Amino acid sequence: MTKISFILVALLSMTVLNANADVATAQKLADKYTGIAKGIDKGFTPSAEDGKVFFNRQIGMKGRKVSCASCHTANPADNGKHIITGKMIRPLAPAVNAKRFTDLEKVEDKFVEHCNDITGSDCTAQEKANFITYLITVKDATPKK
Amino acid sequence: MQYVWDPFVRIFHWSLVIAFSVAFYTHASEWERVTHIRAGYTVGALLVARIVWGFTKTGYACFRTFPWDPVKAIKHIISELHGNAKRYIGHNPAGSMAIYLMLVIGLVTVTSGWLVFNDGWLFDQPELLQTIHLYAAWTWLGLIVLHVTGVVAESIVHKDNLIRAMITGCKRVTKKGERQATQL
């Protein structure tokens, strides 16, 4: 039993420790989505501008107008606040939160779940490529007044 | 009919089924987050109550009547497959292991979920906690599948309805030889 638990703990820690959390891993995911998007539209290039629009776009859902920014605030480098539970959410931007993009598989799962929450379906590869490209450009939290 | 499961055990069992189902169903949605959390807290409270009950109660609910014995559990499963497993009135060895594993993995699931929800408490390891919560929950679901499979197999082999027994509390009256197979 103890042997098994040791192995389990070792495996679990490997999944956490092996990834280098930084902007480069975020870029890797952006590149992946860009590749998929290029397969659909050859001329596609990711746009941070479009990503920002996507992040702040308000959509009617469950009787309210919501966007990604509803919980994550208009600046992804700031702490967010969950609109249902009121809990604090750590910044999304990898430049200020090194713990983001450590596990790309998890990021992709969360992306699908959150897109379902806000838009009612998964987002397109174009939208995802644009959004991550935007996220990488955000470097600074809003200065405290 | 022989009375086996006390009302607490039965209410606990079906409440846990409901609470787990609600928590599992709502796990992916941020809109349902509050429901998920409440279901999770309910699961936690139920598990703690069952553990206290297992230590204080006598009878088939008591932990002492169904020991932790993985080897015996595997042997029981093998004889179950051959259709000649011994009949137990309370938990059989395989069932006992399923119960203990579910209690442990249940506590891991609830604790990790609680720490994920209250991000930043105790351990500043959101990534690790999320991973533990995810794997624990799916492991638990796997154990439930095994548990239900075992219940159905046992019901067929011993021509008894174990699901009904968990509702009414009573099991089929046993033959004399079978009765000796109980742990009490």
# chains A, B, ... in the order shown; residues from 1 in each chain; ligands from 1
call {"tool": "residues_around", "arguments": {"residues": "stretch 18-26 of chain B", "least_positions_apart": "6", "cutoff": "7 Å", "atoms": "only C-alpha atoms", "output": "list in words"}}
result
Glu32, His36, Ala39, Gly40, Thr42 and Val43 of chain B
call {"tool": "write_last_selection", "arguments": {"atoms": "C-alpha atoms", "output": "PDB file, in the first residue's frame"}}
result
ATOM      1  CA  GLU B  32     -23.297  25.431 -11.233  1.00  0.00           C
ATOM      2  CA  HIS B  36     -21.130  21.596  -6.888  1.00  0.00           C
ATOM      3  CA  ALA B  39     -22.925  18.757  -2.945  1.00  0.00           C
ATOM      4  CA  GLY B  40     -19.233  18.340  -2.111  1.00  0.00           C
ATOM      5  CA  THR B  42     -22.672  17.213   1.814  1.00  0.00           C
ATOM      6  CA  VAL B  43     -20.506  14.318   0.629  1.00  0.00           C
TER       7      VAL B  43
END
call {"tool": "closest_atom_pairs", "arguments": {"of": "chain B", "to": "chain A", "cutoff": "8 Å", "atoms": "only C-alpha atoms", "output": "Markdown table"}}
result
| residue | atom | partner | partner_atom | distance |
| --- | --- | --- | --- | --- |
| B:Ala28 | CA | A:Glu113 | CA | 6.2 |
| B:Ser29 | CA | A:Asp117 | CA | 6.2 |
| B:Glu30 | CA | A:Asp117 | CA | 6.6 |
| B:Trp31 | CA | A:Ile84 | CA | 6.7 |
| B:Arg33 | CA | A:Thr85 | CA | 7.2 |
| B:Val34 | CA | A:Thr85 | CA | 6.5 |
| B:Phe117 | CA | A:Lys87 | CA | 7.9 |
| B:Asn118 | CA | A:Lys87 | CA | 7.6 |
| B:Asp119 | CA | A:Met88 | CA | 7.8 |
| B:Glu127 | CA | A:Val16 | CA | 6.8 |
| B:Leu128 | CA | A:Val16 | CA | 6.2 |
| B:Thr131 | CA | A:Leu12 | CA | 7.5 |
| B:Ile132 | CA | A:Leu12 | CA | 7.5 |
call {"tool": "residues_around", "arguments": {"residues": "A:Pro94", "least_positions_apart": "3", "cutoff": "7 Å", "atoms": "only C-alpha atoms", "output": "list in words"}}
result
Asp22, Val23, Asn97, Ala98, Arg100 and Ile136 of chain A
call {"tool": "write_last_selection", "arguments": {"atoms": "N, CA and C atoms", "output": "PDB file, in the first residue's frame"}}
result
ATOM      1  N   ASP A  22       5.886  29.360 -18.317  1.00  0.00           N
ATOM      2  CA  ASP A  22       6.260  30.704 -18.757  1.00  0.00           C
ATOM      3  C   ASP A  22       5.539  31.045 -20.054  1.00  0.00           C
ATOM      4  N   VAL A  23       5.890  32.196 -20.557  1.00  0.00           N
ATOM      5  CA  VAL A  23       5.221  32.693 -21.752  1.00  0.00           C
ATOM      6  C   VAL A  23       5.446  31.747 -22.933  1.00  0.00           C
ATOM      7  N   ASN A  97       1.602  35.623 -13.943  1.00  0.00           N
ATOM      8  CA  ASN A  97       1.263  34.426 -13.176  1.00  0.00           C
ATOM      9  C   ASN A  97       1.956  33.214 -13.799  1.00  0.00           C
ATOM     10  N   ALA A  98       3.088  32.857 -13.197  1.00  0.00           N
ATOM     11  CA  ALA A  98       3.916  31.778 -13.755  1.00  0.00           C
ATOM     12  C   ALA A  98       3.223  30.426 -13.659  1.00  0.00           C
ATOM     13  N   ARG A 100       0.246  29.756 -14.659  1.00  0.00           N
ATOM     14  CA  ARG A 100      -0.626  29.507 -15.819  1.00  0.00           C
ATOM     15  C   ARG A 100       0.157  28.758 -16.895  1.00  0.00           C
ATOM     16  N   ILE A 136      -0.615  36.881 -24.099  1.00  0.00           N
ATOM     17  CA  ILE A 136       0.853  36.972 -23.995  1.00  0.00           C
ATOM     18  C   ILE A 136       1.310  38.428 -24.038  1.00  0.00           C
TER      19      ILE A 136
END
call {"tool": "residues_around", "arguments": {"residues": "stretch 139-149 of chain B", "least_positions_apart": "5", "cutoff": "8 Å", "atoms": "only C-alpha atoms", "output": "ChimeraX atom specification"}}
result
/B:95,98,101-102,105-106
call {"tool": "atom_distance", "arguments": {"atom1": "atom CA of A:Lys65", "atom2": "atom CA of B:Val116"}}
result
26.8 Å
call {"tool": "closest_atom_pairs", "arguments": {"of": "stretch 94-138 of chain A", "to": "stretch 27-51 of chain A", "cutoff": "6 Å", "atoms": "only C-alpha atoms", "output": "tab-separated table"}}
result
residue	atom	partner	partner_atom	distance
A:Ala125	CA	A:Tyr33	CA	5.1
A:Gln126	CA	A:Ala37	CA	5.3
A:Ala129	CA	A:Ala30	CA	4.8
A:Asn130	CA	A:Gly51	CA	4.3
A:Phe131	CA	A:Gly51	CA	3.9
A:Ile132	CA	A:Ala30	CA	5.7
A:Thr133	CA	A:Ala48	CA	5.2
A:Tyr134	CA	A:Ala48	CA	3.9
call {"tool": "write_last_selection", "arguments": {"atoms": "C-alpha atoms", "output": "mmCIF file, in the first residue's frame"}}
result
data_model
loop_
_atom_site.group_PDB
_atom_site.id
_atom_site.type_symbol
_atom_site.label_atom_id
_atom_site.label_comp_id
_atom_site.auth_asym_id
_atom_site.auth_seq_id
_atom_site.Cartn_x
_atom_site.Cartn_y
_atom_site.Cartn_z
ATOM 1 C CA ALA A 125 -9.255 27.590 -33.163
ATOM 2 C CA GLN A 126 -9.074 31.139 -34.559
ATOM 3 C CA ALA A 129 -5.209 31.517 -31.147
ATOM 4 C CA ASN A 130 -6.215 35.189 -31.037
ATOM 5 C CA PHE A 131 -7.010 35.076 -27.341
ATOM 6 C CA ILE A 132 -3.739 33.476 -26.233
ATOM 7 C CA THR A 133 -1.813 35.832 -28.485
ATOM 8 C CA TYR A 134 -3.550 38.703 -26.700
#
call {"tool": "residues_around", "arguments": {"residues": "B:Val4", "least_positions_apart": "4", "cutoff": "10 Å", "atoms": "only C-alpha atoms", "output": "list in words"}}
result
Val9, Gly59, Tyr60, Ala61, Ile89, Gly90, His91, Ala165, Met166, Thr168, Gly169, Cys170 and Lys171 of chain B
call {"tool": "write_last_selection", "arguments": {"atoms": "N, CA and C atoms", "output": "compact mmCIF listing (two decimals), in the first residue's frame"}}
result
# COMPACT_ATOMS: atom_id res chain seq x y z
N VAL B 9 -27.24 3.63 7.94
CA VAL B 9 -26.43 3.14 6.81
C VAL B 9 -27.19 3.32 5.50
N GLY B 59 -22.71 -4.23 15.16
CA GLY B 59 -23.55 -4.75 14.08
C GLY B 59 -22.84 -4.67 12.76
N TYR B 60 -23.59 -4.84 11.66
CA TYR B 60 -22.97 -4.95 10.34
C TYR B 60 -22.38 -3.63 9.87
N ALA B 61 -22.77 -2.52 10.50
CA ALA B 61 -22.25 -1.22 10.09
C ALA B 61 -20.85 -0.98 10.66
N ILE B 89 -23.50 -12.21 5.16
CA ILE B 89 -24.71 -11.43 5.43
C ILE B 89 -24.38 -9.94 5.39
N GLY B 90 -23.29 -9.57 6.01
CA GLY B 90 -22.87 -8.16 5.94
C GLY B 90 -22.06 -7.92 4.69
N HIS B 91 -20.96 -7.17 4.81
CA HIS B 91 -20.10 -6.94 3.64
C HIS B 91 -19.26 -8.18 3.36
N ALA B 165 -32.02 -4.80 -0.56
CA ALA B 165 -31.58 -4.90 0.84
C ALA B 165 -31.09 -3.56 1.37
N MET B 166 -30.48 -2.75 0.48
CA MET B 166 -29.99 -1.44 0.91
C MET B 166 -31.15 -0.45 1.05
N THR B 168 -34.61 -1.68 1.97
CA THR B 168 -35.44 -2.16 3.08
C THR B 168 -34.62 -2.49 4.33
N GLY B 169 -33.34 -2.76 4.13
CA GLY B 169 -32.48 -3.14 5.26
C GLY B 169 -32.42 -4.63 5.49
N CYS B 170 -33.24 -5.39 4.76
CA CYS B 170 -33.32 -6.83 5.03
C CYS B 170 -32.78 -7.65 3.88
N LYS B 171 -32.16 -8.77 4.24
CA LYS B 171 -31.70 -9.71 3.22
C LYS B 171 -32.49 -11.00 3.34
call {"tool": "atom_distance", "arguments": {"atom1": "atom CA of B:Asp6", "atom2": "atom CA of B:Ile74"}}
result
27.3 Å
call {"tool": "residues_around", "arguments": {"residues": "B:Thr65", "least_positions_apart": "2", "cutoff": "12 Å", "atoms": "only C-alpha atoms", "output": "PyMOL selection string"}}
result
chain B and resi 54-55+57-63+67-69+88-93+96+182-184
